[in-house]
Amino acid sequence: MSKNLIQPRTLKGFRDFLPEMMLPREQLIDTCKQVYRSFGFAPIETPTLEYFEILAGKGSEETDRQMYHFQDSGERHVGMRFDLTVPLARFVSQHSQALGMPFKRYHIATVWRGESPQAGRFREFMQCDFDTIGTTSLTADIETGLVIVELLIAIGVGGFQVRINNRKVLNGLLDKSGLAEHATSVLRVIDKLPKIGPARVSEELKSTCTANDQQIASILEFANITGTNQEILITLDRLVAGNELGELGCSELRTLVETYDSLGLPSEQIQIDPSIARGLDYYTGTIFESFLTAIPKIGSVCSGGRYDNLADLFTKEKLPGIGASLGLDRLLAAMEQLGQLPKTKTPAAVMIANFDANSQTVYLELARKLRQKRINVELYPEPKKLGIQFKHADRRGMEAVIVAGPDDVAKRVVQVKWLASGEQSEVSLDASASLLASELSSKLQIRLG
RNA sequence: GUGGCCAUAGCUCAAUUGGUUAGAGCGCUGGUUUGUGGCACCAGAGGUUGAGGGUUCAAUUCCCUUUGGCCACCCCA
């Protein structure tokens, strides 16, 4: 009769998260919130499902193909969101009167894309978006870059580099060289430059974008520019000279870089990279991508840009925006590969051993006092042998175990044992909560509720 | 969606050219006589070899299909 068990399994590209993954994952989410809030971004939430027409045709042809969609029982054609930016465009169009402009929001939520999974690439993953809507001011662009830098520093992933570019520069150049009508496909090809090299890029430009040799040469020169930010800007100025849009893009890029410089950001952290283009169709100005120096192969962990026309499809109001998105699950996968995740399996910092069946109330009271001091406490549920209980606490990575047997309870004391050092001391029951609180505050912050 | 590589216990891997009851380490559960984890020793649970079909006297091993993982294309967080 046990033959007909259903095999427990998860869908391709979808995953379960065990406590040791969820603890750092939730910590990342907290860090995002903290950084976003520090810049004044406010939280919002939108539905998982949208009318298909809201989502369709907004990202790119590719995102349309990858979108999960179906008809609900009321025959409505429904899509699952593949990013948080398109729902945001709908959201601000629908609520602009209530929100007022400019509007800054963050949105941390799951999105779905039916693409082929790989390392750091899933069908269900979490994005942490922040956006500023209703202003074309470059200050918003500058702050977007600052948020990314602050975020990656706060997360503590080690070395990283934010690369910036500007679609106006790209489009201006294409305009100037007569390739404007193939802009999208040219941009896609440029994006591949670091991966496939200049030879194959020029092949593809010729075949898919019908570019001539001169056009290819200028595109390659553009995408291949290297040097300091200042050197790159000088070359860019020369390449776009005479094209109004391109010149504007260059001056925007210059403003960003010079501002970051005067704010004292190290130039390794924010670098102009003319080859980044972003596949998404909706970007119109500044674009960002960011890579971890330890594991660039996993792809961009935080990217975004300016999109001045995204809400045009939903409203006649002018609602330009800029923002970026941290790929939380990709970042987590990177940190796992780099061995940066702690192996803690519990949020509890302290365990109260369950020694004596008659002292349950004492334990429960003590646990409550510790929680009032913002210490996460687990009370072992049954009075098993102490060895077992200690092992339980140790295996899960707790900091301390509190033991109070009948003799201790009679004397109004507890034994506090620190698992890492093995030190043990007797403290009075009444003082133990505050004592532990001060001891623990110098240890792992992560487990202080 | 296309192509390539892979699939044995929770994890990392064994199993002589296809040969009989598929093994080890780590992990897990419990024990080493009852107030203390990490070390050591002992025991136990856990696999219809991812699943389904085929070839064969015989399949973990060969073939097909399927599912999943990784890689490339594509695209992206």
# chains A, B, ... in the order shown; residues from 1 in each chain; ligands from 1
call {"tool": "closest_atom_pairs", "arguments": {"of": "region 11-82 of chain A", "to": "region 121-124 of chain A", "cutoff": "8 Å", "atoms": "only C-alpha atoms", "output": "JSON lines"}}
result
{"residue": "A:Lys12", "atom": "CA", "partner": "A:Arg123", "partner_atom": "CA", "distance": 7.6}
{"residue": "A:Gly13", "atom": "CA", "partner": "A:Arg123", "partner_atom": "CA", "distance": 4.7}
{"residue": "A:Phe14", "atom": "CA", "partner": "A:Glu124", "partner_atom": "CA", "distance": 5.7}
{"residue": "A:Arg15", "atom": "CA", "partner": "A:Glu124", "partner_atom": "CA", "distance": 7.9}
call {"tool": "residues_around", "arguments": {"residues": "Gln340 (chain A)", "least_positions_apart": "3", "cutoff": "10 Å", "atoms": "only C-alpha atoms (C1' of nucleotides)", "output": "list in words"}}
result
Pro24, Gly156, Val157, Gly158, Leu332, Ala334, Met335, Glu336, Gln337 and Lys343 of chain A
call {"tool": "write_last_selection", "arguments": {"atoms": "N, CA, C and O atoms", "output": "short mmCIF file (atom, residue, chain, number, x, y, z; two decimals), in the first residue's frame"}}
result
data_model
loop_
_atom_site.label_atom_id
_atom_site.label_comp_id
_atom_site.auth_asym_id
_atom_site.auth_seq_id
_atom_site.Cartn_x
_atom_site.Cartn_y
_atom_site.Cartn_z
N PRO A 24 20.20 33.78 5.67
CA PRO A 24 20.90 34.84 4.93
C PRO A 24 20.01 35.54 3.90
O PRO A 24 20.18 36.73 3.65
N GLY A 156 28.06 43.50 1.80
CA GLY A 156 29.37 42.97 2.13
C GLY A 156 29.80 41.80 1.26
O GLY A 156 30.30 40.81 1.76
N VAL A 157 29.58 41.91 -0.04
CA VAL A 157 29.95 40.82 -0.94
C VAL A 157 31.42 40.83 -1.31
O VAL A 157 31.87 39.94 -2.02
N GLY A 158 32.15 41.84 -0.87
CA GLY A 158 33.53 41.97 -1.31
C GLY A 158 33.58 42.91 -2.50
O GLY A 158 32.74 43.78 -2.65
N LEU A 332 22.62 35.60 -3.94
CA LEU A 332 22.70 34.56 -2.93
C LEU A 332 23.45 33.34 -3.49
O LEU A 332 24.29 32.75 -2.81
N ALA A 334 25.68 33.42 -5.79
CA ALA A 334 27.08 33.83 -5.87
C ALA A 334 27.74 33.70 -4.51
O ALA A 334 28.84 33.14 -4.38
N MET A 335 27.08 34.20 -3.49
CA MET A 335 27.66 34.16 -2.15
C MET A 335 27.81 32.73 -1.67
O MET A 335 28.77 32.40 -0.97
N GLU A 336 26.89 31.87 -2.07
CA GLU A 336 27.00 30.47 -1.70
C GLU A 336 28.23 29.84 -2.35
O GLU A 336 29.02 29.17 -1.71
N GLN A 337 28.38 30.12 -3.66
CA GLN A 337 29.54 29.59 -4.38
C GLN A 337 30.85 30.09 -3.79
O GLN A 337 31.86 29.41 -3.83
N LYS A 343 26.78 28.97 8.29
CA LYS A 343 26.06 27.68 8.28
C LYS A 343 25.05 27.57 9.42
O LYS A 343 24.71 26.48 9.86
#
call {"tool": "closest_atom_pairs", "arguments": {"of": "chain B", "to": "chain A", "cutoff": "7 Å", "atoms": "only C-alpha atoms (C1' of nucleotides)", "output": "CSV"}}
result
residue,atom,partner,partner_atom,distance
B:U36,C1',A:Gly387,CA,6.0
B:G37,C1',A:Lys391,CA,4.5
B:G68,C1',A:Lys12,CA,6.7
B:C70,C1',A:Gln118,CA,6.9
B:C75,C1',A:Glu62,CA,6.8
B:A77,C1',A:Gly327,CA,3.8
call {"tool": "write_last_selection", "arguments": {"atoms": "N, CA, C and O atoms (P, O5', C5', C4', C3', O3' and C1' of nucleotides)", "output": "JSON list (two decimals), in the first residue's frame"}}
result
[["chain", "number", "residue", "atom", "x", "y", "z"],
["B", 36, "U", "P", 26.40, 15.15, 32.23],
["B", 36, "U", "O5'", 26.79, 16.00, 30.94],
["B", 36, "U", "C5'", 25.91, 16.04, 29.81],
["B", 36, "U", "C4'", 26.42, 17.13, 28.90],
["B", 36, "U", "C3'", 27.93, 17.20, 28.87],
["B", 36, "U", "O3'", 28.37, 17.40, 27.55],
["B", 36, "U", "C1'", 27.02, 19.28, 29.56],
["B", 37, "G", "P", 28.80, 16.20, 26.67],
["B", 37, "G", "O5'", 28.63, 16.80, 25.21],
["B", 37, "G", "C5'", 27.38, 16.63, 24.53],
["B", 37, "G", "C4'", 27.37, 17.49, 23.30],
["B", 37, "G", "C3'", 28.69, 17.48, 22.52],
["B", 37, "G", "O3'", 28.72, 16.38, 21.65],
["B", 37, "G", "C1'", 27.94, 19.69, 22.80],
["B", 68, "G", "P", 11.69, 18.92, -15.63],
["B", 68, "G", "O5'", 13.02, 18.76, -14.75],
["B", 68, "G", "C5'", 12.94, 18.81, -13.33],
["B", 68, "G", "C4'", 14.27, 18.41, -12.73],
["B", 68, "G", "C3'", 15.45, 19.31, -13.08],
["B", 68, "G", "O3'", 15.48, 20.48, -12.28],
["B", 68, "G", "C1'", 16.09, 17.04, -13.31],
["B", 70, "C", "P", 21.59, 24.17, -12.17],
["B", 70, "C", "O5'", 22.92, 23.83, -12.98],
["B", 70, "C", "C5'", 24.17, 23.72, -12.32],
["B", 70, "C", "C4'", 25.23, 23.21, -13.27],
["B", 70, "C", "C3'", 25.52, 24.09, -14.48],
["B", 70, "C", "O3'", 26.40, 25.16, -14.17],
["B", 70, "C", "C1'", 25.30, 21.85, -15.18],
["B", 75, "C", "P", 20.13, 37.74, -27.66],
["B", 75, "C", "O5'", 19.54, 37.87, -26.19],
["B", 75, "C", "C5'", 18.15, 38.12, -26.01],
["B", 75, "C", "C4'", 17.69, 37.64, -24.67],
["B", 75, "C", "C3'", 18.06, 38.50, -23.47],
["B", 75, "C", "O3'", 17.21, 39.62, -23.36],
["B", 75, "C", "C1'", 18.46, 36.23, -22.96],
["B", 77, "A", "P", 17.51, 42.42, -16.15],
["B", 77, "A", "O5'", 17.87, 41.68, -14.78],
["B", 77, "A", "C5'", 17.91, 42.46, -13.61],
["B", 77, "A", "C4'", 18.67, 41.65, -12.58],
["B", 77, "A", "C3'", 19.92, 41.00, -13.17],
["B", 77, "A", "O3'", 21.03, 41.86, -12.96],
["B", 77, "A", "C1'", 18.62, 39.39, -11.99]]
call {"tool": "residues_around", "arguments": {"residues": "Lys369 (chain A)", "least_positions_apart": "2", "cutoff": "12 Å", "atoms": "only C-alpha atoms (C1' of nucleotides)", "output": "list in words"}}
result
Val362, Tyr363, Leu364, Glu365, Leu366, Ala367, Arg371, Gln372, Lys373, Arg374, Ile375, Asn376, Val377, Leu429, Asp430, Ala431, Ser432, Ala433, Ser434, Leu435, Leu436 and Ala437 of chain A
call {"tool": "select_by_dssp", "arguments": {"residues": "region 167-411 of chain A", "states": "strand (DSSP E)", "output": "PyMOL selection string"}}
result
chain A and resi 270-272+286-292+302-307+321-327+350-352+377-379+400-403
call {"tool": "write_last_selection", "arguments": {"atoms": "N, CA and C atoms", "output": "mmCIF file, in the first residue's frame"}}
result
data_model
loop_
_atom_site.group_PDB
_atom_site.id
_atom_site.type_symbol
_atom_site.label_atom_id
_atom_site.label_comp_id
_atom_site.auth_asym_id
_atom_site.auth_seq_id
_atom_site.Cartn_x
_atom_site.Cartn_y
_atom_site.Cartn_z
ATOM 1 N N ILE A 270 32.729 52.747 -9.787
ATOM 2 C CA ILE A 270 31.813 53.185 -10.844
ATOM 3 C C ILE A 270 32.617 53.491 -12.088
ATOM 4 N N GLN A 271 32.389 52.707 -13.109
ATOM 5 C CA GLN A 271 33.220 52.764 -14.292
ATOM 6 C C GLN A 271 32.338 52.871 -15.530
ATOM 7 N N ILE A 272 32.692 53.788 -16.426
ATOM 8 C CA ILE A 272 31.966 53.847 -17.695
ATOM 9 C C ILE A 272 32.335 52.633 -18.537
ATOM 10 N N THR A 286 20.544 56.832 -18.833
ATOM 11 C CA THR A 286 21.563 56.163 -18.026
ATOM 12 C C THR A 286 21.222 54.687 -17.848
ATOM 13 N N ILE A 287 22.223 53.805 -17.965
ATOM 14 C CA ILE A 287 22.016 52.398 -17.636
ATOM 15 C C ILE A 287 23.117 51.891 -16.713
ATOM 16 N N PHE A 288 22.753 50.988 -15.849
ATOM 17 C CA PHE A 288 23.686 50.438 -14.849
ATOM 18 C C PHE A 288 23.735 48.925 -14.934
ATOM 19 N N GLU A 289 24.926 48.386 -14.692
ATOM 20 C CA GLU A 289 25.061 46.953 -14.450
ATOM 21 C C GLU A 289 26.110 46.816 -13.379
ATOM 22 N N SER A 290 26.037 45.754 -12.577
ATOM 23 C CA SER A 290 27.099 45.601 -11.596
ATOM 24 C C SER A 290 27.525 44.157 -11.455
ATOM 25 N N PHE A 291 28.812 43.987 -11.308
ATOM 26 C CA PHE A 291 29.415 42.650 -11.296
ATOM 27 C C PHE A 291 30.266 42.466 -10.049
ATOM 28 N N LEU A 292 30.311 41.237 -9.578
ATOM 29 C CA LEU A 292 31.174 40.908 -8.453
ATOM 30 C C LEU A 292 32.547 40.545 -9.015
ATOM 31 N N CYS A 302 22.994 43.505 -10.075
ATOM 32 C CA CYS A 302 22.123 44.645 -9.847
ATOM 33 C C CYS A 302 22.183 45.535 -11.070
ATOM 34 N N SER A 303 21.074 45.684 -11.762
ATOM 35 C CA SER A 303 21.117 46.557 -12.925
ATOM 36 C C SER A 303 19.801 47.270 -13.129
ATOM 37 N N GLY A 304 19.876 48.313 -13.952
ATOM 38 C CA GLY A 304 18.684 49.116 -14.193
ATOM 39 C C GLY A 304 19.023 50.296 -15.072
ATOM 40 N N GLY A 305 18.200 51.306 -15.008
ATOM 41 C CA GLY A 305 18.460 52.464 -15.844
ATOM 42 C C GLY A 305 17.274 53.395 -15.924
ATOM 43 N N ARG A 306 17.413 54.352 -16.805
ATOM 44 C CA ARG A 306 16.355 55.345 -16.976
ATOM 45 C C ARG A 306 15.430 54.956 -18.111
ATOM 46 N N TYR A 307 14.130 55.065 -17.856
ATOM 47 C CA TYR A 307 13.112 54.738 -18.865
ATOM 48 C C TYR A 307 12.093 55.871 -18.829
ATOM 49 N N GLY A 321 10.978 57.696 -15.393
ATOM 50 C CA GLY A 321 11.456 57.016 -14.200
ATOM 51 C C GLY A 321 12.874 56.520 -14.348
ATOM 52 N N ILE A 322 13.475 56.234 -13.209
ATOM 53 C CA ILE A 322 14.787 55.585 -13.199
ATOM 54 C C ILE A 322 14.875 54.724 -11.963
ATOM 55 N N GLY A 323 15.514 53.578 -12.123
ATOM 56 C CA GLY A 323 15.644 52.700 -10.971
ATOM 57 C C GLY A 323 16.506 51.519 -11.325
ATOM 58 N N ALA A 324 16.636 50.616 -10.388
ATOM 59 C CA ALA A 324 17.433 49.426 -10.626
ATOM 60 C C ALA A 324 16.919 48.305 -9.754
ATOM 61 N N SER A 325 17.461 47.135 -10.018
ATOM 62 C CA SER A 325 16.945 45.935 -9.387
ATOM 63 C C SER A 325 18.090 45.048 -8.941
ATOM 64 N N LEU A 326 18.065 44.673 -7.672
ATOM 65 C CA LEU A 326 19.049 43.716 -7.181
ATOM 66 C C LEU A 326 18.483 42.321 -7.371
ATOM 67 N N GLY A 327 19.263 41.454 -8.026
ATOM 68 C CA GLY A 327 18.845 40.067 -8.211
ATOM 69 C C GLY A 327 19.215 39.254 -6.994
ATOM 70 N N VAL A 350 20.244 31.568 21.774
ATOM 71 C CA VAL A 350 20.357 30.899 23.070
ATOM 72 C C VAL A 350 19.343 29.770 23.150
ATOM 73 N N MET A 351 19.767 28.664 23.772
ATOM 74 C CA MET A 351 18.802 27.613 24.057
ATOM 75 C C MET A 351 18.717 27.404 25.564
ATOM 76 N N ILE A 352 17.509 27.291 26.060
ATOM 77 C CA ILE A 352 17.326 26.918 27.455
ATOM 78 C C ILE A 352 17.115 25.414 27.490
ATOM 79 N N VAL A 377 15.322 33.091 21.639
ATOM 80 C CA VAL A 377 15.515 31.961 22.537
ATOM 81 C C VAL A 377 14.690 30.765 22.104
ATOM 82 N N GLU A 378 15.323 29.607 22.147
ATOM 83 C CA GLU A 378 14.563 28.382 21.947
ATOM 84 C C GLU A 378 14.571 27.601 23.258
ATOM 85 N N LEU A 379 13.402 27.223 23.707
ATOM 86 C CA LEU A 379 13.295 26.348 24.877
ATOM 87 C C LEU A 379 13.149 24.929 24.354
ATOM 88 N N ALA A 400 24.805 30.034 23.026
ATOM 89 C CA ALA A 400 24.875 29.650 24.435
ATOM 90 C C ALA A 400 23.731 28.729 24.821
ATOM 91 N N VAL A 401 23.983 27.936 25.865
ATOM 92 C CA VAL A 401 22.942 27.089 26.442
ATOM 93 C C VAL A 401 22.803 27.465 27.915
ATOM 94 N N ILE A 402 21.560 27.589 28.351
ATOM 95 C CA ILE A 402 21.312 27.874 29.760
ATOM 96 C C ILE A 402 20.775 26.605 30.408
ATOM 97 N N VAL A 403 21.440 26.174 31.478
ATOM 98 C CA VAL A 403 21.013 24.979 32.185
ATOM 99 C C VAL A 403 20.545 25.377 33.580
#
call {"tool": "select_by_dssp", "arguments": {"residues": "region 31-152 of chain A", "states": "helix (DSSP H, G or I)", "output": "ChimeraX atom specification"}}
result
/A:31-38,52-55,61-66,85-99,138-152
call {"tool": "residues_around", "arguments": {"residues": "Leu313 (chain A)", "least_positions_apart": "4", "cutoff": "12 Å", "atoms": "only C-alpha atoms (C1' of nucleotides)", "output": "MDAnalysis selection string"}}
result
chainID A and resid 53:58 86 89:90 92:94 282 308:309 317:319
call {"tool": "residues_around", "arguments": {"residues": "region 21-30 of chain B", "least_positions_apart": "4", "cutoff": "10 Å", "atoms": "only C-alpha atoms (C1' of nucleotides)", "output": "MDAnalysis selection string"}}
result
(chainID A and resid 388) or (chainID B and resid 8 10:15 43:47 49 60)
call {"tool": "residues_around", "arguments": {"residues": "Phe70 (chain A)", "least_positions_apart": "4", "cutoff": "7 Å", "atoms": "only C-alpha atoms (C1' of nucleotides)", "output": "MDAnalysis selection string"}}
result
chainID A and resid 77:79
